[in-house]
>>> print(open('target_37.cif').read())   # mmCIF, C-alpha atoms
data_run
loop_
_atom_site.label_atom_id
_atom_site.label_comp_id
_atom_site.auth_asym_id
_atom_site.auth_seq_id
_atom_site.Cartn_x
_atom_site.Cartn_y
_atom_site.Cartn_z
CA MET J 1 0.00 0.00 0.00
CA ARG J 2 1.02 3.64 -0.41
CA ALA J 3 1.80 5.72 2.67
CA ALA J 4 3.37 9.09 3.54
CA ILE J 5 6.19 8.42 6.01
CA LEU J 6 8.15 10.84 8.22
CA GLU J 7 11.89 10.65 7.53
CA GLU J 8 13.09 13.83 9.23
CA HIS J 9 11.28 16.60 11.06
CA GLY J 10 10.46 19.49 8.75
CA GLU J 11 11.49 17.58 5.62
CA PRO J 12 9.04 16.26 3.01
CA LEU J 13 7.23 13.05 3.90
CA SER J 14 8.34 10.11 1.78
CA ILE J 15 5.58 8.54 -0.33
CA GLU J 16 6.37 4.81 -0.32
CA ASP J 17 4.89 1.40 -1.04
CA ILE J 18 4.86 -0.65 2.15
CA ASP J 19 3.14 -3.79 3.46
CA ALA J 20 -0.50 -3.38 4.45
CA PRO J 21 -1.30 -3.99 8.15
CA GLU J 22 -2.88 -7.15 9.54
CA PRO J 23 -5.41 -7.01 12.41
CA ASP J 24 -4.40 -8.13 15.88
CA PRO J 25 -7.00 -10.22 17.74
CA LYS J 26 -8.89 -7.18 19.07
CA GLY J 27 -8.14 -4.86 16.15
CA ALA J 28 -9.42 -4.06 12.68
CA VAL J 29 -7.95 -2.81 9.43
CA VAL J 30 -9.70 0.13 7.77
CA GLU J 31 -9.31 1.06 4.11
CA VAL J 32 -8.90 4.84 4.27
CA GLU J 33 -11.26 6.70 1.95
CA ALA J 34 -10.56 10.19 3.28
CA CYS J 35 -8.30 11.83 5.86
CA GLY J 36 -8.01 15.46 6.88
CA VAL J 37 -4.68 17.28 6.96
CA CYS J 38 -4.62 19.00 10.34
CA ARG J 39 -2.37 21.46 12.11
CA SER J 40 -1.68 18.70 14.62
CA ASP J 41 -0.09 16.80 11.74
CA TRP J 42 2.05 19.88 11.18
CA HIS J 43 3.11 19.77 14.85
CA GLY J 44 4.08 16.12 14.44
CA TRP J 45 5.94 16.92 11.22
CA GLN J 46 7.82 19.68 13.01
CA GLY J 47 8.77 17.43 15.94
CA ASP J 48 6.78 19.38 18.52
CA TRP J 49 5.30 18.05 21.76
CA GLY J 50 8.39 16.37 23.14
CA TRP J 51 7.36 18.01 26.42
CA LEU J 52 4.21 15.84 26.23
CA GLY J 53 6.12 12.69 25.31
CA LEU J 54 4.61 12.84 21.81
CA GLU J 55 7.51 13.80 19.58
CA THR J 56 7.08 11.78 16.40
CA GLN J 57 9.95 9.55 15.35
CA PRO J 58 11.30 8.68 11.87
CA GLY J 59 9.25 5.94 10.27
CA GLN J 60 5.93 7.28 11.59
CA ILE J 61 2.93 7.50 9.28
CA LEU J 62 1.08 10.71 10.19
CA GLY J 63 -2.65 11.37 9.75
CA HIS J 64 -5.38 11.20 12.39
CA GLU J 65 -8.70 12.27 10.82
CA PRO J 66 -9.72 9.21 8.80
CA ALA J 67 -12.90 7.58 7.67
CA GLY J 68 -13.29 4.49 5.54
CA THR J 69 -14.43 0.90 5.31
CA VAL J 70 -13.42 -2.05 7.47
CA VAL J 71 -11.61 -4.67 5.37
CA ALA J 72 -10.40 -7.09 8.07
CA VAL J 73 -11.16 -7.81 11.74
CA GLY J 74 -9.39 -9.75 14.46
CA GLU J 75 -10.70 -13.01 15.86
CA ASP J 76 -11.83 -11.41 19.15
CA VAL J 77 -13.76 -8.50 17.56
CA THR J 78 -17.50 -8.84 18.12
CA THR J 79 -19.32 -5.63 17.12
CA VAL J 80 -17.36 -4.52 14.03
CA SER J 81 -17.61 -6.35 10.71
CA GLU J 82 -15.97 -6.23 7.32
CA GLY J 83 -17.78 -3.73 5.13
CA ASP J 84 -18.71 -1.35 7.98
CA HIS J 85 -18.41 2.35 7.06
CA VAL J 86 -16.62 3.87 10.04
CA ALA J 87 -14.96 6.87 11.63
CA VAL J 88 -11.73 6.51 13.61
CA PRO J 89 -11.25 8.80 16.65
CA PHE J 90 -7.82 10.41 16.89
CA ASN J 91 -7.46 9.61 20.61
CA LEU J 92 -7.75 5.84 20.72
CA GLY J 93 -8.68 4.28 24.07
CA ASP J 94 -8.35 0.76 25.43
CA GLY J 95 -11.96 0.68 26.69
CA THR J 96 -10.97 -0.73 30.08
CA CYS J 97 -9.40 2.08 32.13
CA PRO J 98 -11.48 4.10 34.64
CA GLN J 99 -11.75 7.05 32.23
CA CYS J 100 -13.03 4.85 29.40
CA ARG J 101 -15.51 3.10 31.68
CA ARG J 102 -16.89 6.49 32.73
CA GLY J 103 -17.38 7.51 29.09
CA PHE J 104 -14.26 9.68 28.80
CA SER J 105 -12.21 7.62 26.39
CA ASN J 106 -10.82 10.84 24.88
CA THR J 107 -8.75 11.03 28.09
CA CYS J 108 -8.00 7.30 28.35
CA GLU J 109 -5.27 6.59 30.89
CA ASN J 110 -3.56 4.49 28.21
CA VAL J 111 -4.40 6.81 25.32
CA MET J 112 -2.89 6.05 21.91
CA PRO J 113 -2.80 9.21 19.76
CA LEU J 114 -3.35 8.03 16.21
CA GLY J 115 -0.49 8.88 13.88
CA PHE J 116 1.89 10.21 16.53
CA VAL J 117 3.36 7.13 18.21
CA GLU J 118 4.76 3.92 16.71
CA PRO J 119 2.07 1.49 18.00
CA VAL J 120 -0.66 3.36 16.07
CA GLN J 121 0.51 4.29 12.59
CA GLY J 122 -1.58 6.99 11.00
CA ALA J 123 -3.96 7.45 8.10
CA PHE J 124 -1.84 9.14 5.43
CA ALA J 125 -1.98 5.66 3.91
CA GLU J 126 -4.29 3.40 1.98
CA GLU J 127 -5.03 1.31 5.09
CA LEU J 128 -4.53 1.60 8.85
CA HIS J 129 -4.82 -0.70 11.83
CA VAL J 130 -7.14 0.32 14.69
CA PRO J 131 -6.58 -1.39 18.06
CA PHE J 132 -9.51 -2.28 20.34
CA ALA J 133 -11.83 -1.94 17.36
CA ASP J 134 -15.04 -2.70 19.25
CA HIS J 135 -14.36 0.25 21.52
CA ASN J 136 -12.84 2.74 19.07
CA LEU J 137 -14.61 2.44 15.73
CA VAL J 138 -17.82 4.42 15.18
CA SER J 139 -20.31 3.42 12.47
CA LEU J 140 -21.25 6.28 10.19
CA PRO J 141 -24.94 6.94 9.51
CA ASP J 142 -26.32 7.05 5.98
CA GLY J 143 -25.69 10.40 4.36
CA VAL J 144 -22.34 11.10 6.06
CA SER J 145 -19.62 10.53 3.48
CA SER J 146 -16.02 9.72 4.29
CA VAL J 147 -14.98 13.21 3.13
CA ASP J 148 -17.62 14.77 5.40
CA MET J 149 -16.36 12.66 8.30
CA ALA J 150 -12.77 13.67 7.61
CA GLY J 151 -14.03 17.26 7.78
CA LEU J 152 -15.61 16.46 11.14
CA GLY J 153 -12.35 14.77 12.14
CA CYS J 154 -10.49 16.01 15.17
CA ARG J 155 -11.12 19.71 14.56
CA PHE J 156 -14.90 19.64 14.34
CA MET J 157 -15.23 17.04 17.10
CA THR J 158 -12.82 18.95 19.34
CA SER J 159 -14.71 22.22 18.88
CA PHE J 160 -18.07 20.55 19.47
CA HIS J 161 -16.94 18.85 22.67
CA ALA J 162 -15.43 22.11 23.92
CA LEU J 163 -18.47 24.26 23.21
CA ALA J 164 -21.32 21.80 23.80
CA HIS J 165 -19.91 19.76 26.68
CA ARG J 166 -17.10 21.61 28.45
CA ALA J 167 -18.33 25.23 28.39
CA ASP J 168 -21.74 26.66 29.27
CA VAL J 169 -22.74 28.17 25.92
CA GLU J 170 -26.31 29.46 25.91
CA ALA J 171 -28.42 31.10 23.23
CA GLY J 172 -27.48 34.77 22.89
CA ASP J 173 -24.07 34.39 24.57
CA TRP J 174 -21.08 36.14 23.06
CA VAL J 175 -18.43 33.65 21.97
CA SER J 176 -15.07 34.82 20.63
CA VAL J 177 -12.85 32.45 18.64
CA HIS J 178 -9.18 33.36 18.39
CA GLY J 179 -7.55 31.82 15.32
CA VAL J 180 -9.91 30.66 12.56
CA GLY J 181 -8.04 27.87 10.86
CA GLY J 182 -9.78 24.50 10.62
CA VAL J 183 -10.62 24.13 14.31
CA GLY J 184 -11.52 27.81 14.65
CA LEU J 185 -13.86 27.82 11.65
CA SER J 186 -15.46 24.65 13.01
CA ALA J 187 -15.94 26.42 16.35
CA VAL J 188 -17.55 29.43 14.65
CA HIS J 189 -20.02 27.19 12.82
CA ILE J 190 -20.83 25.13 15.94
CA ALA J 191 -21.22 28.13 18.25
CA ASP J 192 -23.58 29.71 15.74
CA ALA J 193 -25.62 26.47 15.60
CA LEU J 194 -25.83 26.55 19.41
CA GLY J 195 -27.38 30.02 19.23
CA ALA J 196 -24.38 32.13 20.24
CA ASN J 197 -23.25 35.45 18.81
CA VAL J 198 -19.80 34.71 17.44
CA ILE J 199 -16.82 37.04 17.09
CA ALA J 200 -14.00 35.65 14.93
CA VAL J 201 -10.43 36.90 15.45
CA ASP J 202 -7.57 36.29 13.02
CA LEU J 203 -4.84 38.00 11.02
CA ASP J 204 -6.17 36.91 7.62
CA ASP J 205 -9.10 38.74 6.00
CA GLY J 206 -9.90 35.73 3.81
CA LYS J 207 -10.31 33.49 6.85
CA LEU J 208 -12.40 36.14 8.57
CA GLU J 209 -14.68 36.34 5.54
CA LYS J 210 -15.07 32.55 5.66
CA ALA J 211 -15.91 32.87 9.36
CA ARG J 212 -18.71 35.28 8.47
CA GLU J 213 -20.05 32.77 5.94
CA LEU J 214 -20.11 30.16 8.72
CA GLY J 215 -22.00 32.36 11.18
CA ALA J 216 -19.71 34.96 12.77
CA VAL J 217 -21.64 38.18 13.40
CA GLU J 218 -18.49 40.24 13.91
CA THR J 219 -14.80 39.87 13.05
CA VAL J 220 -11.59 41.43 14.37
CA ASN J 221 -8.38 41.53 12.36
CA ALA J 222 -5.73 41.06 15.04
CA GLY J 223 -3.08 42.62 12.82
CA ASP J 224 -5.03 45.85 12.44
CA ALA J 225 -6.38 46.09 15.99
CA GLU J 226 -4.44 48.13 18.56
CA ASN J 227 -5.90 46.01 21.34
CA VAL J 228 -7.69 42.80 20.35
CA ALA J 229 -9.22 42.20 23.77
CA ALA J 230 -10.57 45.75 23.98
CA GLU J 231 -12.20 45.43 20.56
CA VAL J 232 -13.87 42.16 21.50
CA LYS J 233 -15.07 43.62 24.79
CA ALA J 234 -16.51 46.64 22.99
CA ILE J 235 -18.44 44.40 20.59
CA ALA J 236 -19.60 42.02 23.34
CA ASP J 237 -20.84 44.72 25.71
CA GLY J 238 -18.16 44.25 28.34
CA GLY J 239 -16.62 40.95 27.35
CA ALA J 240 -17.27 37.55 25.83
CA ASP J 241 -19.12 34.92 27.86
CA VAL J 242 -16.98 32.16 26.32
CA SER J 243 -13.73 32.53 24.42
CA MET J 244 -11.60 29.91 22.66
CA ASP J 245 -7.92 29.80 21.77
CA ALA J 246 -8.06 27.63 18.66
CA LEU J 247 -4.38 28.01 17.75
CA GLY J 248 -2.16 27.53 20.81
CA ILE J 249 0.31 30.41 20.65
CA ALA J 250 0.86 32.89 23.46
CA ALA J 251 -0.87 35.81 21.69
CA THR J 252 -4.12 33.98 20.94
CA CYS J 253 -4.31 32.41 24.40
CA GLN J 254 -3.69 35.69 26.20
CA ASN J 255 -6.07 37.64 23.95
CA SER J 256 -8.75 35.02 24.51
CA VAL J 257 -8.50 35.26 28.29
CA LYS J 258 -8.35 39.07 28.24
CA SER J 259 -11.42 39.22 25.96
CA LEU J 260 -13.67 37.68 28.60
CA GLY J 261 -16.11 39.48 30.82
CA THR J 262 -16.67 38.71 34.50
CA HIS J 263 -17.47 35.02 35.07
CA GLY J 264 -16.33 34.25 31.54
CA GLN J 265 -14.99 30.88 30.41
CA HIS J 266 -11.80 30.41 28.43
CA LEU J 267 -11.52 27.24 26.32
CA GLN J 268 -8.00 26.06 25.53
CA VAL J 269 -8.14 23.83 22.46
CA GLY J 270 -4.92 24.69 20.61
CA LEU J 271 -1.74 22.95 21.77
CA THR J 272 1.45 24.96 21.88
CA THR J 273 4.51 25.13 19.64
CA GLN J 274 8.27 25.06 20.22
CA ASP J 275 8.08 28.73 21.23
CA GLU J 276 5.83 28.06 24.25
CA GLN J 277 6.66 24.39 24.93
CA GLY J 278 3.49 23.89 26.92
CA THR J 279 3.62 27.02 29.11
CA ILE J 280 1.96 30.41 28.52
CA GLU J 281 1.98 33.40 30.88
CA LEU J 282 -1.54 34.48 31.92
CA PRO J 283 -3.09 37.42 33.84
CA THR J 284 -3.88 35.28 36.86
CA ASP J 285 -4.81 38.10 39.24
CA ALA J 286 -7.37 39.47 36.79
CA MET J 287 -8.71 35.93 36.33
CA VAL J 288 -9.18 35.66 40.09
CA MET J 289 -10.83 39.06 40.40
CA GLN J 290 -13.23 38.33 37.52
CA GLU J 291 -13.78 34.68 38.48
CA ILE J 292 -12.72 33.56 35.01
CA GLU J 293 -12.58 29.83 34.31
CA PHE J 294 -9.76 28.24 32.31
CA ILE J 295 -11.03 25.03 30.69
CA GLY J 296 -8.97 22.52 28.75
CA SER J 297 -10.70 20.42 26.13
CA LEU J 298 -9.34 17.43 24.21
CA GLY J 299 -11.09 15.66 21.35
CA MET J 300 -14.48 14.09 22.00
CA PRO J 301 -15.63 10.74 23.36
CA PRO J 302 -16.82 8.63 20.41
CA THR J 303 -19.85 7.54 22.45
CA ARG J 304 -21.22 11.06 21.86
CA TYR J 305 -20.60 11.32 18.11
CA ASP J 306 -24.30 10.69 17.50
CA GLU J 307 -25.04 14.19 18.85
CA ILE J 308 -23.18 15.68 15.90
CA PHE J 309 -24.63 13.18 13.44
CA ARG J 310 -28.17 14.22 14.44
CA LEU J 311 -27.33 17.88 13.83
CA VAL J 312 -25.76 17.00 10.49
CA ALA J 313 -28.87 15.04 9.50
CA THR J 314 -31.08 18.09 10.08
CA GLY J 315 -28.71 20.48 8.31
CA LYS J 316 -27.90 22.51 11.42
CA LEU J 317 -24.25 21.50 11.08
CA ARG J 318 -22.65 21.27 7.65
CA PRO J 319 -19.12 19.84 7.94
CA ALA J 320 -18.70 19.97 4.17
CA ASP J 321 -18.77 23.79 4.42
CA VAL J 322 -15.52 23.70 6.41
CA VAL J 323 -13.75 21.38 3.94
CA SER J 324 -11.72 23.71 1.73
CA GLU J 325 -10.48 21.20 -0.86
CA THR J 326 -9.83 17.55 -1.60
CA ILE J 327 -6.31 16.50 -2.56
CA GLY J 328 -4.17 13.48 -3.37
CA LEU J 329 -1.70 11.84 -1.01
CA GLU J 330 1.18 13.30 -3.03
CA ASP J 331 -0.09 16.82 -2.19
CA VAL J 332 0.21 16.41 1.60
CA ASN J 333 3.70 17.93 1.75
CA ASP J 334 2.50 21.13 0.08
CA LYS J 335 -0.27 21.48 2.65
CA LEU J 336 2.06 20.89 5.61
CA GLU J 337 4.49 23.46 4.22
CA ALA J 338 1.67 25.98 3.75
CA MET J 339 0.65 25.58 7.39
CA THR J 340 4.03 26.92 8.47
CA ASP J 341 2.92 30.38 7.35
CA TYR J 342 -0.79 29.86 8.14
CA GLU J 343 -1.61 29.79 4.42
CA THR J 344 -4.26 27.06 4.50
CA GLU J 345 -7.94 27.89 4.89
CA GLY J 346 -10.50 25.50 6.29
CA ILE J 347 -9.83 21.76 6.19
CA PRO J 348 -7.99 20.11 3.28
CA VAL J 349 -8.92 16.43 2.94
CA ILE J 350 -7.00 13.65 1.18
CA ASP J 351 -9.39 11.48 -0.83
CA GLU J 352 -7.00 9.97 -3.38
CA PHE J 353 -4.36 7.53 -2.14
#
>>> encode(input="target_37.cif", output="structure tokens")
Amino acid sequence: MRAAILEEHGEPLSIEDIDAPEPDPKGAVVEVEACGVCRSDWHGWQGDWGWLGLETQPGQILGHEPAGTVVAVGEDVTTVSEGDHVAVPFNLGDGTCPQCRRGFSNTCENVMPLGFVEPVQGAFAEELHVPFADHNLVSLPDGVSSVDMAGLGCRFMTSFHALAHRADVEAGDWVSVHGVGGVGLSAVHIADALGANVIAVDLDDGKLEKARELGAVETVNAGDAENVAAEVKAIADGGADVSMDALGIAATCQNSVKSLGTHGQHLQVGLTTQDEQGTIELPTDAMVMQEIEFIGSLGMPPTRYDEIFRLVATGKLRPADVVSETIGLEDVNDKLEAMTDYETEGIPVIDEF
């Protein structure tokens, strides 16, 4: 099978023909029909996240937003069958730890981040192996294509979990989204569907225009604004009720926190780069005085995917609107390179392998 393999951080992935995987007794092999190209892949390509123990190593196949069809199952798999049309969560759980048993498999104590560590090779390939298939694979409903699911991928799912489950977003609330790449645009669309008034913040006018198309009622160009937080507060009548850092750099995180009003909630979705290495300075005294909450949010438990599928079925969420383009596997290096300078818009999806 063909796969895009990391040889050296920051250097082009090598497109190679390698042996297809075989299922272990509890696993399944999925033929990949579509896979998003995410900024998290860019982090892995760059060699980030060593401070989390997640620095990718040479030989790794990246890619963590796949959907496709099951082509082989292990002898101990009971609920997944060949021919099933499935989604693959990017945070794979074992299904047995206390977190998994409580329904929080996105924070499994033995989590296996798809495409970042050797035991779970990723989906920039024609096929991938999924461990603990009965627990991890999610059947897709009729009408949700593999490309749509790749658009839902980690970015849409992450934004939905953050806004619908972790924060207290109510109709009419002001929600500011700082950084409107794939996860940020997904957050804009979801917050709008939840009834919020959304303010999109970015440096790129094209991305801000796309945010308006997806439901933002106001936008702030952070490059033109003298004080991003002050502009958001002026629009939101004193400050946002909920604000999200969808990028993970110091400026977006700090602006998000400073944009909040009293009793506001900050959602940290973006993970940091080599510049921050997991630590960002925050206005802690102001957070105390305003009783601001800082909330981390990671992925989404696959047991709750049906919430999104129901909204997709009624047209309230349209993941295809966030997919910017479909590409071939040989184009993945161009997309990763473009992410270095924030030149991608929306979610590019590989659908030709």
>>> resolve_selection(input="target_37.cif", expression="the PyMOL selection byres ((chain J and resi 239-242) around 9)", output="PyMOL selection string")
chain J and resi 163+167-169+173-177+199+229-230+232-238+243-244+256+258-267
>>> residues_near_point(input="target_37.cif", point="(-18.0, 24.6, 14.4)", cutoff="12 Å", atoms="all atoms listed in the file", output="number ranges by chain")
J: 151-164, 175, 177, 180-196, 198, 200, 211, 213-216, 244, 246, 308, 311-312, 316-323, 346-347
>>> closest_residue(input="target_37.cif", among="J:Gly36, J:Gly248, J:Gly179, J:Pro302", to="Leu208 in chain J", atoms="only C-alpha atoms")
J:Gly179
>>> residues_around(input="target_37.cif", residues="Leu271 in chain J", least_positions_apart="2", cutoff="9 Å", atoms="all atoms listed in the file", output="number ranges by chain")
J: 40, 49, 246-249, 268-269, 273, 278
>>> residues_near_point(input="target_37.cif", point="(4.3, 30.0, 19.9)", cutoff="9 Å", atoms="only C-alpha atoms", output="NGL selection string")
:J and (248-251 or 272-277 or 280)
>>> atom_distance(input="target_37.cif", atom1="CA of Leu6 in chain J", atom2="CA of Lys26 in chain J")
27.1 Å
>>> resolve_selection(input="target_37.cif", expression="the PyMOL selection byres ((chain J and resi 147) around 9)", output="ChimeraX atom specification")
/J:33-36,66-67,144-146,148-152,320,323,326,349-351
>>> atom_distance(input="target_37.cif", atom1="CA of Arg212 in chain J", atom2="CA of Pro301 in chain J")
28.9 Å
>>> atom_distance(input="target_37.cif", atom1="CA of Pro348 in chain J", atom2="CA of Lys335 in chain J")
7.9 Å
>>> resolve_selection(input="target_37.cif", expression="the PyMOL selection byres ((chain J and resi 56-65) around 8)", output="number ranges by chain")
J: 3-9, 35-38, 41, 44-45, 47-48, 54-55, 66-67, 88-90, 114-118, 121-125, 150-151, 153-154
>>> write_last_selection(input="target_37.cif", atoms="C-alpha atoms", output="CSV table (one decimal), keeping the file's coordinate frame")
chain,number,residue,atom,x,y,z
J,3,ALA,CA,1.8,5.7,2.7
J,4,ALA,CA,3.4,9.1,3.5
J,5,ILE,CA,6.2,8.4,6.0
J,6,LEU,CA,8.2,10.8,8.2
J,7,GLU,CA,11.9,10.6,7.5
J,8,GLU,CA,13.1,13.8,9.2
J,9,HIS,CA,11.3,16.6,11.1
J,35,CYS,CA,-8.3,11.8,5.9
J,36,GLY,CA,-8.0,15.5,6.9
J,37,VAL,CA,-4.7,17.3,7.0
J,38,CYS,CA,-4.6,19.0,10.3
J,41,ASP,CA,-0.1,16.8,11.7
J,44,GLY,CA,4.1,16.1,14.4
J,45,TRP,CA,5.9,16.9,11.2
J,47,GLY,CA,8.8,17.4,15.9
J,48,ASP,CA,6.8,19.4,18.5
J,54,LEU,CA,4.6,12.8,21.8
J,55,GLU,CA,7.5,13.8,19.6
J,66,PRO,CA,-9.7,9.2,8.8
J,67,ALA,CA,-12.9,7.6,7.7
J,88,VAL,CA,-11.7,6.5,13.6
J,89,PRO,CA,-11.2,8.8,16.6
J,90,PHE,CA,-7.8,10.4,16.9
J,114,LEU,CA,-3.4,8.0,16.2
J,115,GLY,CA,-0.5,8.9,13.9
J,116,PHE,CA,1.9,10.2,16.5
J,117,VAL,CA,3.4,7.1,18.2
J,118,GLU,CA,4.8,3.9,16.7
J,121,GLN,CA,0.5,4.3,12.6
J,122,GLY,CA,-1.6,7.0,11.0
J,123,ALA,CA,-4.0,7.4,8.1
J,124,PHE,CA,-1.8,9.1,5.4
J,125,ALA,CA,-2.0,5.7,3.9
J,150,ALA,CA,-12.8,13.7,7.6
J,151,GLY,CA,-14.0,17.3,7.8
J,153,GLY,CA,-12.4,14.8,12.1
J,154,CYS,CA,-10.5,16.0,15.2
>>> closest_residue(input="target_37.cif", among="J:Ala313, J:Asp94, J:Ser324, J:Asp331", to="Lys207 in chain J", atoms="all atoms listed in the file")
J:Ser324
>>> closest_residue(input="target_37.cif", among="J:Asp306, J:Glu209, J:Asp285, J:Asp224", to="Glu345 in chain J", atoms="all atoms listed in the file")
J:Glu209
